[in-house]
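> model_8.cif (mmCIF, C-alpha atoms) pasted underneath:
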data_model
#
loop_
_atom_site.label_atom_id
_atom_site.label_comp_id
_atom_site.auth_asym_id
_atom_site.auth_seq_id
_atom_site.Cartn_x
_atom_site.Cartn_y
_atom_site.Cartn_z
CA MET A 1160 -29.46 -18.15 42.08
CA LYS A 1161 -26.26 -20.23 42.45
CA LYS A 1162 -24.41 -17.30 43.99
CA LYS A 1163 -27.14 -16.74 46.60
CA THR A 1164 -27.25 -20.46 47.41
CA ALA A 1165 -23.49 -20.53 47.94
CA ALA A 1166 -23.70 -17.46 50.15
CA LEU A 1167 -26.50 -19.02 52.20
CA CYS A 1168 -24.45 -22.18 52.79
CA MET A 1169 -21.51 -20.11 53.97
CA LEU A 1170 -23.63 -18.21 56.45
CA LEU A 1171 -25.33 -21.34 57.75
CA ALA A 1172 -21.95 -22.92 58.30
CA ALA A 1173 -20.75 -19.83 60.16
CA GLY A 1174 -23.83 -19.91 62.38
CA MET A 1175 -23.35 -23.60 63.22
CA ILE A 1176 -19.72 -23.04 64.16
CA ALA A 1177 -20.75 -20.14 66.40
CA GLY A 1178 -23.30 -22.42 68.13
CA CYS A 1179 -20.48 -24.84 68.98
CA GLY A 1180 -18.64 -22.09 70.82
CA SER A 1181 -15.74 -21.70 68.31
CA GLN A 1182 -15.71 -17.91 68.00
CA SER A 1183 -12.30 -17.92 66.33
CA ALA A 1184 -13.72 -19.77 63.32
CA VAL A 1185 -16.35 -17.14 62.56
CA ASP A 1186 -15.55 -14.94 59.51
CA THR A 1187 -15.58 -11.42 60.96
CA SER A 1188 -14.59 -9.88 57.63
CA MET A 1189 -18.19 -9.84 56.39
CA SER A 1190 -19.62 -6.34 56.35
CA ALA A 1191 -23.12 -7.47 57.44
CA GLU A 1192 -23.97 -7.72 61.09
CA ALA A 1193 -23.76 -11.33 62.32
CA PRO A 1194 -27.00 -12.98 63.51
CA GLU A 1195 -27.53 -13.08 67.28
CA GLU A 1196 -26.12 -16.27 68.80
CA LYS A 1197 -28.44 -18.40 70.98
CA VAL A 1198 -26.68 -19.17 74.30
CA THR A 1199 -27.36 -22.59 75.93
CA THR A 1200 -25.90 -24.59 78.83
CA ALA A 1201 -24.70 -28.18 78.74
CA SER A 1202 -27.77 -29.34 80.70
CA SER A 1203 -30.25 -27.46 78.53
CA SER A 1204 -32.78 -29.65 76.79
CA VAL A 1205 -33.75 -26.87 74.35
CA PRO A 1206 -32.34 -27.67 70.86
CA GLU A 1207 -30.07 -25.02 69.35
CA GLU A 1208 -31.70 -23.04 66.57
CA THR A 1209 -29.82 -22.45 63.36
CA PRO A 1210 -29.87 -18.69 62.68
CA THR A 1211 -31.57 -17.58 59.49
CA PRO A 1212 -29.36 -15.18 57.47
CA THR A 1213 -30.91 -11.86 56.55
CA GLU A 1214 -31.09 -10.53 53.00
CA GLU A 1215 -28.50 -7.93 54.00
CA ALA A 1216 -26.10 -10.64 55.09
CA ILE A 1217 -26.60 -12.59 51.89
CA SER A 1218 -25.92 -9.55 49.75
CA ALA A 1219 -22.76 -8.76 51.72
CA VAL A 1220 -21.06 -11.98 50.63
CA SER A 1221 -18.41 -11.30 47.98
CA VAL A 1222 -19.44 -12.29 44.46
CA GLU A 1223 -17.72 -12.05 41.11
CA PRO A 1224 -17.92 -8.52 39.63
CA ASP A 1225 -20.47 -7.96 36.90
CA ASN A 1226 -18.59 -7.20 33.67
CA GLY A 1227 -21.75 -6.55 31.72
CA LEU A 1228 -21.45 -9.72 29.65
CA ALA A 1229 -24.03 -12.44 29.29
CA ASP A 1230 -23.06 -16.06 29.81
CA GLY A 1231 -21.07 -17.38 26.89
CA GLN A 1232 -19.83 -13.93 25.84
CA MET A 1233 -16.46 -12.17 25.89
CA TYR A 1234 -15.04 -8.88 24.66
CA SER A 1235 -13.59 -9.22 21.17
CA TYR A 1236 -9.81 -8.98 20.95
CA LEU A 1237 -10.23 -7.03 17.69
CA THR A 1238 -13.07 -4.61 18.45
CA GLY A 1239 -13.63 -4.66 22.21
CA GLU A 1240 -17.30 -5.39 21.58
CA PRO A 1241 -19.25 -8.30 23.14
CA VAL A 1242 -19.17 -11.46 21.04
CA SER A 1243 -19.81 -15.11 21.74
CA THR A 1244 -16.79 -16.92 23.14
CA ASP A 1245 -17.00 -19.32 20.19
CA VAL A 1246 -16.37 -16.41 17.84
CA GLY A 1247 -14.09 -14.35 20.07
CA ASN A 1248 -11.57 -17.16 20.49
CA LEU A 1249 -11.26 -17.76 16.75
CA ARG A 1250 -8.01 -16.79 15.10
CA PRO A 1251 -8.76 -14.11 12.53
CA PHE A 1252 -7.88 -14.16 8.85
CA ALA A 1253 -5.81 -11.25 7.49
CA VAL A 1254 -6.53 -10.86 3.77
CA MET A 1255 -4.43 -8.75 1.39
CA ILE A 1256 -6.66 -6.35 -0.57
CA ASN A 1257 -5.99 -4.57 -3.86
CA ASN A 1258 -6.44 -0.82 -3.39
CA LEU A 1259 -5.85 0.52 -6.88
CA ASP A 1260 -8.58 2.63 -8.44
CA ALA A 1261 -9.18 -0.15 -10.99
CA ALA A 1262 -9.97 -2.54 -8.12
CA LEU A 1263 -12.77 -0.43 -6.68
CA PRO A 1264 -15.25 -1.02 -5.28
CA GLN A 1265 -13.82 -3.82 -3.19
CA SER A 1266 -15.91 -6.67 -1.83
CA GLY A 1267 -16.38 -7.79 1.75
CA ILE A 1268 -13.97 -5.38 3.39
CA GLY A 1269 -16.75 -3.38 5.04
CA SER A 1270 -17.15 -6.39 7.36
CA ALA A 1271 -13.49 -6.37 8.46
CA ASP A 1272 -12.85 -5.68 12.14
CA ILE A 1273 -9.52 -3.95 11.44
CA ILE A 1274 -8.13 -2.60 8.17
CA TYR A 1275 -4.46 -1.71 7.67
CA GLU A 1276 -3.24 0.49 4.82
CA ALA A 1277 0.43 0.79 3.86
CA GLU A 1278 2.47 1.76 0.86
CA VAL A 1279 3.93 -0.63 -1.70
CA GLU A 1280 5.85 0.10 -4.91
CA GLY A 1281 5.36 3.32 -6.86
CA SER A 1282 3.60 5.11 -3.98
CA ILE A 1283 0.46 2.98 -4.39
CA THR A 1284 -1.10 1.49 -1.28
CA ARG A 1285 -2.42 -1.91 -0.42
CA MET A 1286 -4.77 -2.92 2.37
CA MET A 1287 -4.94 -5.84 4.74
CA ALA A 1288 -8.41 -6.61 6.08
CA VAL A 1289 -8.60 -8.56 9.35
CA PHE A 1290 -11.76 -10.65 9.82
CA GLN A 1291 -12.64 -12.35 13.09
CA ASP A 1292 -15.12 -14.57 11.26
CA PRO A 1293 -15.26 -14.32 7.44
CA THR A 1294 -17.61 -17.27 6.95
CA SER A 1295 -20.62 -15.11 5.99
CA LEU A 1296 -18.68 -13.43 3.16
CA PRO A 1297 -18.74 -15.38 -0.12
CA LYS A 1298 -16.66 -12.74 -1.92
CA ILE A 1299 -13.65 -10.95 -0.44
CA GLY A 1300 -11.25 -8.97 -2.57
CA PRO A 1301 -9.77 -8.31 -4.99
CA VAL A 1302 -7.01 -10.27 -3.23
CA ARG A 1303 -3.44 -9.27 -3.98
CA SER A 1304 0.07 -10.43 -3.22
CA SER A 1305 1.98 -10.29 0.04
CA ARG A 1306 4.63 -7.85 1.17
CA HIS A 1307 6.78 -8.91 4.08
CA TYR A 1308 5.90 -6.06 6.46
CA TYR A 1309 2.20 -6.99 6.31
CA ILE A 1310 3.22 -10.29 7.85
CA TYR A 1311 4.36 -8.37 10.93
CA MET A 1312 0.98 -6.63 11.09
CA ALA A 1313 -0.87 -9.95 10.83
CA ASP A 1314 1.31 -11.35 13.62
CA ASP A 1315 -0.15 -8.78 16.01
CA SER A 1316 -3.50 -10.60 16.05
CA GLU A 1317 -2.15 -14.14 15.47
CA ALA A 1318 -4.03 -14.03 12.17
CA ILE A 1319 -3.84 -16.62 9.41
CA TYR A 1320 -2.25 -14.58 6.61
CA THR A 1321 -4.15 -14.83 3.31
CA HIS A 1322 -2.74 -13.55 0.00
CA PHE A 1323 -2.54 -14.16 -3.75
CA GLY A 1324 1.15 -14.50 -4.55
CA TRP A 1325 4.08 -12.80 -2.81
CA SER A 1326 7.12 -10.63 -3.18
CA PRO A 1327 10.54 -12.36 -2.94
CA GLN A 1328 11.02 -10.93 0.55
CA ALA A 1329 7.64 -12.17 1.76
CA GLN A 1330 8.19 -15.60 0.26
CA ALA A 1331 11.56 -15.89 1.99
CA ILE A 1332 10.07 -15.07 5.38
CA ILE A 1333 6.93 -17.20 5.01
CA GLU A 1334 8.75 -20.27 3.73
CA GLY A 1335 11.87 -19.76 5.84
CA GLN A 1336 9.92 -19.48 9.07
CA GLY A 1337 7.15 -21.90 8.14
CA LEU A 1338 4.50 -19.26 8.83
CA GLU A 1339 0.85 -20.22 8.70
CA HIS A 1340 -0.60 -18.69 5.54
CA ILE A 1341 -2.96 -19.36 2.64
CA ASN A 1342 -1.72 -18.55 -0.86
CA GLY A 1343 -4.39 -18.24 -3.53
CA MET A 1344 -1.81 -18.84 -6.26
CA THR A 1345 -1.39 -22.45 -5.14
CA ASP A 1346 -4.98 -23.14 -4.09
CA LYS A 1347 -6.60 -26.03 -5.97
CA SER A 1348 -9.86 -26.14 -3.99
CA GLY A 1349 -11.73 -23.43 -5.89
CA ALA A 1350 -11.99 -21.20 -2.82
CA PHE A 1351 -10.08 -18.54 -4.76
CA PHE A 1352 -11.62 -17.50 -8.07
CA ARG A 1353 -11.43 -14.87 -10.78
CA THR A 1354 -14.35 -12.87 -12.14
CA SER A 1355 -14.95 -11.82 -15.75
CA ASP A 1356 -15.98 -8.23 -15.03
CA ARG A 1357 -12.40 -7.04 -14.50
CA VAL A 1358 -8.99 -7.80 -15.93
CA ALA A 1359 -6.22 -9.43 -13.94
CA PRO A 1360 -4.79 -8.74 -11.44
CA HIS A 1361 -7.87 -6.87 -10.25
CA ASN A 1362 -10.29 -9.80 -10.43
CA ALA A 1363 -9.04 -12.38 -7.90
CA TYR A 1364 -11.32 -13.10 -4.94
CA VAL A 1365 -11.69 -15.60 -2.12
CA ASP A 1366 -14.81 -17.19 -0.67
CA GLY A 1367 -14.60 -16.32 3.03
CA SER A 1368 -16.75 -19.28 4.01
CA ARG A 1369 -14.01 -21.59 2.69
CA LEU A 1370 -11.10 -20.05 4.61
CA PRO A 1371 -11.49 -22.15 7.80
CA GLU A 1372 -11.63 -25.26 5.63
CA LEU A 1373 -8.37 -24.30 3.91
CA ALA A 1374 -6.72 -23.54 7.24
CA GLN A 1375 -7.75 -26.87 8.73
CA ALA A 1376 -6.54 -28.72 5.64
CA ALA A 1377 -3.15 -27.07 6.16
CA GLY A 1378 -3.08 -28.22 9.78
CA TYR A 1379 -3.56 -24.80 11.36
CA SER A 1380 -5.41 -24.24 14.62
CA LEU A 1381 -8.57 -22.18 14.16
CA THR A 1382 -8.55 -20.92 17.75
CA HIS A 1383 -6.18 -18.90 19.88
CA SER A 1384 -3.99 -20.69 22.38
CA SER A 1385 -4.88 -20.35 26.07
CA GLU A 1386 -1.82 -18.10 26.52
CA TYR A 1387 -2.89 -15.63 23.83
CA GLN A 1388 -2.61 -11.96 24.73
CA PRO A 1389 -4.08 -9.31 22.37
CA ASN A 1390 -2.10 -6.26 21.34
CA LEU A 1391 -5.04 -3.86 21.51
CA ALA A 1392 -6.77 -2.60 24.66
CA PHE A 1393 -10.30 -1.19 24.77
CA ASN A 1394 -12.57 0.87 26.95
CA THR A 1395 -15.68 -1.03 28.00
CA GLU A 1396 -17.81 1.98 26.99
CA ASN A 1397 -17.51 4.75 24.42
CA THR A 1398 -15.25 7.39 25.97
CA ASP A 1399 -14.36 10.86 24.70
CA LEU A 1400 -10.74 11.99 24.61
CA THR A 1401 -10.25 14.54 27.39
CA GLU A 1402 -7.49 16.30 25.46
CA GLY A 1403 -6.42 16.61 21.85
CA GLU A 1404 -7.23 18.64 18.78
CA ASP A 1405 -10.37 18.77 16.69
CA ALA A 1406 -10.32 16.09 14.01
CA GLN A 1407 -13.65 16.01 12.25
CA VAL A 1408 -11.78 15.59 8.95
CA ILE A 1409 -8.48 13.70 8.70
CA HIS A 1410 -6.36 13.73 5.56
CA ILE A 1411 -3.86 10.85 5.40
CA GLY A 1412 -0.64 11.75 3.59
CA PHE A 1413 -0.66 9.03 0.92
CA SER A 1414 -0.34 10.92 -2.37
CA TYR A 1415 -1.71 8.20 -4.66
CA ASP A 1416 -5.19 7.53 -3.24
CA ASN A 1417 -5.51 10.62 -0.98
CA PRO A 1418 -7.49 8.99 1.86
CA VAL A 1419 -9.87 11.13 3.90
CA LEU A 1420 -11.72 10.13 7.07
CA THR A 1421 -14.72 12.29 7.93
CA TYR A 1422 -16.37 12.19 11.34
CA HIS A 1423 -20.15 11.88 11.57
CA SER A 1424 -21.40 13.06 14.95
CA ASP A 1425 -24.78 11.35 14.52
CA ASP A 1426 -23.27 7.87 14.86
CA GLY A 1427 -19.77 8.71 16.14
CA LEU A 1428 -17.96 7.05 13.23
CA TYR A 1429 -15.30 8.07 10.72
CA TYR A 1430 -16.32 7.47 7.08
CA ARG A 1431 -13.54 6.77 4.60
CA SER A 1432 -13.07 8.21 1.12
CA GLU A 1433 -10.24 7.83 -1.40
CA TYR A 1434 -9.56 8.84 -5.01
CA GLY A 1435 -11.97 11.71 -4.44
CA GLY A 1436 -15.01 9.55 -3.66
CA GLU A 1437 -16.57 7.40 -0.96
CA GLN A 1438 -14.94 4.03 -0.39
CA ILE A 1439 -17.77 1.53 -0.80
CA ASP A 1440 -18.16 -2.17 -0.16
CA ALA A 1441 -19.55 -3.55 -3.42
CA GLU A 1442 -21.49 -6.29 -1.64
CA THR A 1443 -23.45 -3.98 0.67
CA GLY A 1444 -23.25 -0.58 -1.02
CA ASN A 1445 -22.19 0.90 2.32
CA GLN A 1446 -19.29 3.29 2.86
CA LEU A 1447 -16.44 2.01 5.02
CA CYS A 1448 -16.60 3.47 8.53
CA PHE A 1449 -14.60 3.14 11.74
CA LYS A 1450 -14.82 4.04 15.40
CA ASN A 1451 -11.06 4.39 15.75
CA VAL A 1452 -8.32 5.73 13.49
CA ILE A 1453 -4.65 5.03 14.25
CA ILE A 1454 -1.88 6.73 12.30
CA GLN A 1455 1.31 4.73 12.83
CA GLN A 1456 4.35 6.60 11.55
CA VAL A 1457 7.26 4.44 10.35
CA THR A 1458 10.51 4.79 8.45
CA LYS A 1459 10.60 3.98 4.74
CA ALA A 1460 13.49 2.78 2.57
CA ILE A 1461 14.03 1.14 -0.83
CA LEU A 1462 15.46 -2.38 -0.69
CA GLU A 1463 18.58 -3.43 -2.61
CA ASP A 1464 16.48 -4.73 -5.48
CA GLY A 1465 15.59 -1.11 -6.18
CA GLU A 1466 11.89 -1.94 -6.29
CA HIS A 1467 10.39 -3.17 -3.07
CA LEU A 1468 10.08 -1.21 0.16
CA GLU A 1469 11.19 -1.69 3.71
CA LEU A 1470 8.92 -0.17 6.34
CA GLY A 1471 10.36 0.14 9.82
CA MET A 1472 7.90 -1.94 11.81
CA PHE A 1473 10.29 -2.75 14.67
CA GLY A 1474 11.54 -0.52 17.46
CA THR A 1475 9.57 2.52 18.57
CA GLY A 1476 7.81 5.33 16.78
CA THR A 1477 5.19 8.03 16.99
CA GLY A 1478 1.69 8.47 15.67
CA TYR A 1479 -1.82 9.67 16.39
CA TYR A 1480 -5.12 8.27 17.61
CA ALA A 1481 -8.50 9.72 16.64
CA THR A 1482 -11.96 8.93 17.97
CA ASN A 1483 -15.16 10.91 18.53
CA GLY A 1484 -13.87 13.88 16.53
CA LYS A 1485 -10.65 14.40 18.52
CA ILE A 1486 -7.05 13.34 17.91
CA ILE A 1487 -4.09 12.88 20.29
CA PRO A 1488 -0.41 12.00 19.85
CA ILE A 1489 0.65 8.45 20.66
CA THR A 1490 3.73 6.25 20.54
CA TRP A 1491 4.12 2.63 19.49
CA LYS A 1492 6.57 -0.17 20.24
CA LYS A 1493 7.34 -3.55 18.66
CA ASP A 1494 10.78 -4.89 19.47
CA SER A 1495 10.79 -7.85 17.08
CA GLN A 1496 8.59 -10.03 14.90
CA GLN A 1497 7.83 -12.17 17.93
CA ASP A 1498 6.52 -9.14 19.84
CA LYS A 1499 3.21 -7.40 19.32
CA THR A 1500 2.76 -3.76 18.40
CA ILE A 1501 1.58 -1.90 21.49
CA TYR A 1502 0.25 1.65 21.33
CA TYR A 1503 0.71 4.14 24.21
CA ASP A 1504 -0.78 7.48 25.13
CA ALA A 1505 1.27 10.56 26.03
CA SER A 1506 1.47 9.45 29.68
CA GLY A 1507 3.05 6.14 28.72
CA ASN A 1508 -0.04 4.06 29.47
CA GLN A 1509 -1.30 1.53 26.97
CA LEU A 1510 -3.75 3.26 24.66
CA LYS A 1511 -7.38 2.24 25.16
CA LEU A 1512 -9.48 2.32 22.01
CA ASN A 1513 -13.21 2.76 21.96
CA PRO A 1514 -15.25 -0.37 21.17
CA GLY A 1515 -15.67 -0.73 17.42
CA LYS A 1516 -13.75 -1.14 14.17
CA THR A 1517 -10.31 0.39 13.65
CA MET A 1518 -8.52 1.82 10.62
CA ILE A 1519 -4.72 1.67 10.97
CA GLU A 1520 -2.76 3.86 8.56
CA VAL A 1521 0.89 2.73 8.50
CA ILE A 1522 2.61 5.67 6.83
CA ASN A 1523 6.04 7.12 6.15
CA GLN A 1524 6.95 9.39 9.04
CA ASP A 1525 8.07 12.04 6.54
CA TYR A 1526 4.62 12.37 4.99
CA THR A 1527 2.23 15.06 6.17
CA ASN A 1528 -1.13 14.20 7.71
CA THR A 1529 -3.59 16.98 8.46
CA TRP A 1530 -6.83 17.32 10.40
CA GLY A 1531 -9.24 19.96 11.57
CA ALA A 1532 -12.79 20.92 12.40
CA GLU A 1533 -13.88 20.75 8.76
#
Take the structure in the file and give it back as structure tokens.


Amino acid sequence: MKKKTAALCMLLAAGMIAGCGSQSAVDTSMSAEAPEEKVTTASSSVPEETPTPTEEAISAVSVEPDNGLADGQMYSYLTGEPVSTDVGNLRPFAVMINNLDAALPQSGIGSADIIYEAEVEGSITRMMAVFQDPTSLPKIGPVRSSRHYYIYMADDSEAIYTHFGWSPQAQAIIEGQGLEHINGMTDKSGAFFRTSDRVAPHNAYVDGSRLPELAQAAGYSLTHSSEYQPNLAFNTENTDLTEGEDAQVIHIGFSYDNPVLTYHSDDGLYYRSEYGGEQIDAETGNQLCFKNVIIQQVTKAILEDGEHLELGMFGTGTGYYATNGKIIPITWKKDSQQDKTIYYDASGNQLKLNPGKTMIEVINQDYTNTWGAE
């Protein structure tokens, strides 16, 4: 209604100017035919009539394009799906998750918008679950300690990094740079807790509803800055890959947990398994599933301490993107910690993901990943 009212005022003004004889002031760029002008003489006693704009003229006035969103909504930076602006502008929390067999099933991670998996010591993997809004999740975990390269992943979404302890390399970066983080090892609020059904270190959890409280207490902003730019780009609608190979089943080359992502055509999602069975969220009983799968291939080296790893998260590299049962080659680029990881298609354009959750497998470029129709 406001748009039509504004358009009507513009047309009325144009008609009044035309009646005063100022043809140069009339906007001739409008695609609708202008109303007929009433011609009068200076001695005429007949009052000038203001032309009534037609419906065609009103509709021809330029209006803002319809992006398919209701008032108060935006497209999520993490999933590309419509969310309220109050939620969409929140900084996410990136929580380190134990991925050993003894830690399964994990809690809360089925609600993550993005999950990263990468290797740590001894070929085991650890996950980092990124939550736009964890406040409805009273139990997330088991939470494990930080590794420094996960910090770089969390930086991509300006997330508040949440962990339970740290490696020496991660501690040096977090404390040396004053990074915004939440460490369960030093928490005195009770937001982090241990359960009695498992032995340490597989029994540490965090109450997601308490995370914003902890962040505020530490002086962190809960919302993105006005200059924030996301690292991921999305289609506005589900879109099939026009090229690529069949990828109904994807085997990720981690030897310890042997992850498999299986495409279900009925809902268009990839369902994740590991250790030979379905990966389940203990709180819901549901198997983890994703619309998008990114395989980001990186270099791997052993640090001087002979224990911890260095994953090459900076520079450029190759990888793959899978959605809707197809997979294509991609490249990625992240010049420094201050830059975001950007993914590109084979033509050099920024990769557009389909709206939905994403699994990002950050894996040694020397490992073998396989996929096929079955």

> Would you kindly return, as a list of chain:residue names, each protein, DNA or RNA residue with an atom no farther than 12 Å from any atom of A:Ile1461, considering only C-alpha atoms and excluding same-chain residues fewer than 4 positions away?

A:Glu1278, A:Val1279, A:Glu1280, A:Gly1281, A:Ser1282, A:Gly1465, A:Glu1466, A:His1467, A:Leu1468, A:Glu1469, A:Leu1470, A:Gly1471

> Which residue, A:Ala1374, A:Tyr1234, A:Ser1316, A:Ser1305, has the smallest gap to A:Glu1339 when you use only C-alpha atoms?

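Between A:Ala1374, A:Tyr1234, A:Ser1316, A:Ser1305, the residue approaching A:Glu1339 most closely is A:Ala1374.
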
> Could you make a table, as CSV, of the residues of stretch 1238-1298 of chain A that have an atom within 12 Å of an atom of stretch 1396-1404 of chain A, each with its nearest atom pair and distance in Å to one decimal, counting all atoms listed in the file, in chain and number order?


residue,atom,partner,partner_atom,distance
A:Thr1238,CA,A:Glu1396,CA,11.8
A:Gly1239,CA,A:Glu1396,CA,9.2
A:Glu1240,CA,A:Glu1396,CA,9.2
A:Pro1241,CA,A:Glu1396,CA,11.1

> Which residues come within 6 Å of stretch 1377-1384 of chain A, counting all atoms listed in the file, excluding same-chain residues fewer than 6 positions away, as number ranges by chain?

A: 1248-1250

> In terms of the shortest atom-to-atom distance over all atoms listed in the file, which of A:Val1254, A:Gln1375, A:Ile1411, A:Pro1327 is closest to A:Asn1342?

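Checking each of A:Val1254, A:Gln1375, A:Ile1411, A:Pro1327 against A:Asn1342, counting all atoms listed in the file, the winner is A:Val1254.
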
> If the PyMOL selection byres ((chain A and resi 1526) around 10) were run on this exact file, what residues would it hold? Put them as JSON, numbers by chain.

{"A": [1411, 1412, 1413, 1414, 1456, 1457, 1522, 1523, 1524, 1525, 1527, 1528]}

> Next, write the just-selected residues to a file, as a short mmCIF file (atom, residue, chain, number, x, y, z; two decimals), in the coordinates of the input, keeping C-alpha atoms as the atom set.


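To be explicit, this is the file written out as again_10.cif:
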data_model
loop_
_atom_site.label_atom_id
_atom_site.label_comp_id
_atom_site.auth_asym_id
_atom_site.auth_seq_id
_atom_site.Cartn_x
_atom_site.Cartn_y
_atom_site.Cartn_z
CA ILE A 1411 -3.86 10.85 5.40
CA GLY A 1412 -0.64 11.75 3.59
CA PHE A 1413 -0.66 9.03 0.92
CA SER A 1414 -0.34 10.92 -2.37
CA GLN A 1456 4.35 6.60 11.55
CA VAL A 1457 7.26 4.44 10.35
CA ILE A 1522 2.61 5.67 6.83
CA ASN A 1523 6.04 7.12 6.15
CA GLN A 1524 6.95 9.39 9.04
CA ASP A 1525 8.07 12.04 6.54
CA THR A 1527 2.23 15.06 6.17
CA ASN A 1528 -1.13 14.20 7.71
#

> List the spatial neighbours of A:Leu1420 as a PyMOL selection string - criterion: any atom at most 8 Å away, all atoms listed in the file, same-chain residues fewer than 3 positions off excluded.

chain A and resi 1408-1410+1429-1432

> Would you write out, as number ranges by chain, every residue that the PyMOL selection byres ((chain A and resi 1504) around 12) captures in this file?

A: 1392, 1400, 1402-1403, 1453, 1477-1481, 1486-1492, 1501-1503, 1505-1512

> Find the residues around A:Thr1482 up to 6 Å (only C-alpha atoms counted), leave out those fewer than 2 positions away in its own chain, and share them as a ChimeraX atom specification.

/A:1451,1484-1485

> Between A:Thr1321, A:Thr1443, A:Gln1455, A:Ser1368, which residue has the minimum interatomic distance to A:Thr1294, considering all atoms listed in the file?

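Distance minimum relative to A:Thr1294 lands on A:Ser1368.
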
> Centre and edge lengths, as JSON, for the axis-aligned box enclosing every listed atom of stretch 1226-1236 of chain A with 3 Å of padding on each of the six sides, in Å to one decimal?


{"center_x": -16.9, "center_y": -12.0, "center_z": 27.3, "size_x": 20.2, "size_y": 16.8, "size_z": 18.7}

> Give me, as a PDB file with C-alpha atoms, in the frame of the given file, all polymer residues having an atom no more than 10 Å from A:Glu1533, counting all atoms listed in the file and skipping those fewer than 5 positions away in the same chain.


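Output below, filename result_12.pdb:
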ATOM      1  CA  ASP A1405     -10.370  18.770  16.690  1.00  0.00           C
ATOM      2  CA  ALA A1406     -10.320  16.090  14.010  1.00  0.00           C
ATOM      3  CA  GLN A1407     -13.650  16.010  12.250  1.00  0.00           C
ATOM      4  CA  VAL A1408     -11.780  15.590   8.950  1.00  0.00           C
ATOM      5  CA  ILE A1409      -8.480  13.700   8.700  1.00  0.00           C
ATOM      6  CA  THR A1421     -14.720  12.290   7.930  1.00  0.00           C
ATOM      7  CA  TYR A1422     -16.370  12.190  11.340  1.00  0.00           C
TER       8      TYR A1422
END

> From the options A:Tyr1309, A:Trp1530, A:Phe1473, A:Phe1393, which residue's atoms come nearest to A:Lys1516, counting all atoms listed in the file?

A:Phe1393

> When the PyMOL selection byres ((chain A and resi 1493-1497) around 9) is applied to the file above, which residues end up in the set, as a list of chain:residue names?

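When the PyMOL selection byres ((chain A and resi 1493-1497) around 9) is applied, the selected residues are A:Ile1310, A:Tyr1311, A:Asp1314, A:Asp1315, A:Met1472, A:Phe1473, A:Gly1474, A:Thr1475, A:Trp1491, A:Lys1492, A:Asp1498, A:Lys1499, A:Thr1500, A:Ile1501.
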
> Identify the residues within 9 Å of coordinate (-8.4, -0.4, -16.8) (same frame as the file), considering all atoms listed in the file, and give the answer as a PyMOL selection string.

chain A and resi 1260-1261+1357-1358

> Work out how far atom CA of A:Ala1277 is from atom CA of A:Thr1458, in Å to one decimal.

11.8 Å

> Which one is closest to A:Gly1227: A:Thr1395, A:Ser1424, A:Ser1385, A:Asn1390? Count all atoms listed in the file.

A:Thr1395

> Can you tell me how far atom CA of A:Gly1267 sits from atom CA of A:Ala1313, in Å to one decimal?

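We find that atom CA of A:Gly1267 and atom CA of A:Ala1313 lie 18.1 Å from each other.
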
> For A:Gln1291, which residue among A:Ala1363, A:Leu1428, A:Ala1318, A:Val1419 is the nearest when counting all atoms listed in the file?

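Using all atoms listed in the file, A:Gln1291 sits closest to A:Ala1318.
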
> Between atom CA of A:Pro1301 and atom CA of A:His1340, what is the distance, to one decimal in Å?

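These two atoms are separated by 17.4 Å.
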